[in-house]
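Here is the structure we will look at.
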Amino acid sequence: MGRPIETCAITQQETKGIELRWRFMRVRRAAIPVVLLFTFFIALGLAQDAAAKDLRMFYQQNCAECHGPDGSAVSAEGKKLKGQDFSDRNWQRSTTDQKMVETILNGKFFGLAMPSFEDALSAEEAQQMVTEIIRKAEKGNMIAPDAKGADGK
């Protein structure tokens with residue numbers, strides 16, 4: 001007869017190794033969704049910051065000609081085009097956010113006095129434009145995209 005049949009014996013050290021591998025795989029499986037959620041929320045926050053910066057750029061490209069780089073409309077072009085002075089606190093108190101959002105989206109006098117921006121901005125972006133830019137306009141304080149670099153300086 002030949003050699004005796006060997007039984008498959010697993011040593012205690014091999015058993016611990018297998019258990020550690022299974023434990024690692026379970027932890028990894030649980031960690032992946034947590035990392036993905038964390039990444040999603042970080043990306044969402046960065047997207048919101050980018051949107052605010054884009055609105056300031058949008059203002060400079062589309063609104064500053066009439067309303068002035070600081071919102072005061074005191075430049076020769078602003079006076080000629082009769083742009084609203086956003087820094088006028090009396091006007092600020094007498095105008096609602098909703099009225100400003102409607103004006104941004106629909107324009108004034110069929111787009112002759114002020115063009116409509118409903119194709120360029122959503123209602124939420126127009127609302128953000130009102131609360132973050134127009135309501136904070138101050139004479140002499142430029143409404144411009146952040147000049148900060150990537151390092152925050």
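Quick note on naming: the chains in the structure tokens go A, B, ... in the order shown, residues restart at 1 in each chain, and ligands are numbered from 1 in order of appearance.
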
Taking 2 positions as the minimum chain separation for residues in the same chain, which residues sit within 12 Å of Glu77 of chain A when counting only C-alpha atoms? Answer as a PDB file with N, CA and C atoms, in the first residue's frame.
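The file below, around07.pdb, is the result:
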ATOM      1  N   CYS A  63     -23.566  92.794 -15.185  1.00  0.00           N
ATOM      2  CA  CYS A  63     -24.301  93.810 -14.430  1.00  0.00           C
ATOM      3  C   CYS A  63     -23.500  95.086 -14.182  1.00  0.00           C
ATOM      4  N   ALA A  64     -22.180  94.950 -14.098  1.00  0.00           N
ATOM      5  CA  ALA A  64     -21.337  96.084 -13.703  1.00  0.00           C
ATOM      6  C   ALA A  64     -21.400  97.244 -14.682  1.00  0.00           C
ATOM      7  N   GLU A  65     -21.674  96.980 -15.942  1.00  0.00           N
ATOM      8  CA  GLU A  65     -21.721  98.055 -16.927  1.00  0.00           C
ATOM      9  C   GLU A  65     -22.771  99.098 -16.551  1.00  0.00           C
ATOM     10  N   CYS A  66     -23.931  98.651 -16.083  1.00  0.00           N
ATOM     11  CA  CYS A  66     -24.996  99.582 -15.700  1.00  0.00           C
ATOM     12  C   CYS A  66     -24.976  99.911 -14.208  1.00  0.00           C
ATOM     13  N   HIS A  67     -24.732  98.912 -13.382  1.00  0.00           N
ATOM     14  CA  HIS A  67     -24.829  99.089 -11.929  1.00  0.00           C
ATOM     15  C   HIS A  67     -23.493  99.437 -11.276  1.00  0.00           C
ATOM     16  N   GLY A  68     -22.429  99.452 -12.060  1.00  0.00           N
ATOM     17  CA  GLY A  68     -21.126  99.824 -11.538  1.00  0.00           C
ATOM     18  C   GLY A  68     -20.414  98.663 -10.882  1.00  0.00           C
ATOM     19  N   PRO A  69     -19.080  98.704 -10.848  1.00  0.00           N
ATOM     20  CA  PRO A  69     -18.318  97.607 -10.259  1.00  0.00           C
ATOM     21  C   PRO A  69     -18.559  97.448  -8.759  1.00  0.00           C
ATOM     22  N   SER A  72     -22.923 100.877  -7.142  1.00  0.00           N
ATOM     23  CA  SER A  72     -23.438 102.223  -6.881  1.00  0.00           C
ATOM     24  C   SER A  72     -23.973 102.929  -8.126  1.00  0.00           C
ATOM     25  N   ALA A  73     -23.653 102.435  -9.303  1.00  0.00           N
ATOM     26  CA  ALA A  73     -24.128 103.005 -10.576  1.00  0.00           C
ATOM     27  C   ALA A  73     -23.767 104.475 -10.726  1.00  0.00           C
ATOM     28  N   VAL A  74     -22.663 104.921 -10.122  1.00  0.00           N
ATOM     29  CA  VAL A  74     -22.292 106.333 -10.207  1.00  0.00           C
ATOM     30  C   VAL A  74     -21.360 106.630 -11.372  1.00  0.00           C
ATOM     31  N   SER A  75     -20.903 105.576 -12.070  1.00  0.00           N
ATOM     32  CA  SER A  75     -20.027 105.820 -13.217  1.00  0.00           C
ATOM     33  C   SER A  75     -20.819 106.522 -14.318  1.00  0.00           C
ATOM     34  N   LYS A  79     -24.841 106.084 -15.037  1.00  0.00           N
ATOM     35  CA  LYS A  79     -25.796 107.197 -15.066  1.00  0.00           C
ATOM     36  C   LYS A  79     -26.497 107.264 -16.427  1.00  0.00           C
ATOM     37  N   LYS A  80     -25.716 107.050 -17.501  1.00  0.00           N
ATOM     38  CA  LYS A  80     -26.286 107.092 -18.846  1.00  0.00           C
ATOM     39  C   LYS A  80     -27.332 105.994 -19.035  1.00  0.00           C
ATOM     40  N   LEU A  81     -27.022 104.796 -18.530  1.00  0.00           N
ATOM     41  CA  LEU A  81     -27.938 103.667 -18.683  1.00  0.00           C
ATOM     42  C   LEU A  81     -28.978 103.582 -17.568  1.00  0.00           C
ATOM     43  N   LYS A  82     -28.905 104.514 -16.631  1.00  0.00           N
ATOM     44  CA  LYS A  82     -29.858 104.598 -15.510  1.00  0.00           C
ATOM     45  C   LYS A  82     -29.924 103.299 -14.704  1.00  0.00           C
ATOM     46  N   GLY A  83     -28.755 102.768 -14.377  1.00  0.00           N
ATOM     47  CA  GLY A  83     -28.693 101.570 -13.542  1.00  0.00           C
ATOM     48  C   GLY A  83     -29.085 101.887 -12.112  1.00  0.00           C
ATOM     49  N   GLN A  84     -29.723 100.949 -11.458  1.00  0.00           N
ATOM     50  CA  GLN A  84     -30.140 101.126 -10.061  1.00  0.00           C
ATOM     51  C   GLN A  84     -28.917 101.133  -9.151  1.00  0.00           C
TER      52      GLN A  84
END

**OP:** Record the distance separating atom CA of Asn106 of chain A and atom CA of Gln60 of chain A, expressed in Å with one decimal.
**Re:**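 Atom-to-atom, atom CA of Asn106 of chain A to atom CA of Gln60 of chain A, that is 19.1 Å.
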
Subject >> Residue contacts of Gly107 of chain A (12 Å, only C-alpha atoms) excluding same-chain residues fewer than 3 positions away, as a ChimeraX atom specification >> reply: /A:63,99-104,110-119,126

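Using only C-alpha atoms, the nearest neighbour of Asp97 of chain A within the list A:Ala76, A:Ile32, A:Ile133, A:Leu121 is A:Ile133.
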
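Between atom CA of Met57 of chain A and atom CA of Ile143 of chain A lies a distance of 8.6 Å.
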
Subject >> Coordinates-based distance that separates atom CA of Ala123 of chain A from atom CA of Asp85 of chain A (Å, one decimal) >> reply: 22.1 Å

**OP:** Check the smallest atom-to-atom distance from each of A:Val27, A:Ala43, A:Val130, A:Glu138 to Tyr59 of chain A using only C-alpha atoms, then report the winner.
**Re:** A:Val130

Original post:
Among segment 23-150 of chain A, which residues carry a DSSP assignment of alpha helix (DSSP H), reported as a PyMOL selection string?
Top reply: chain A and resi 23-62+64-67+76-80+89-94+97-106+123-129
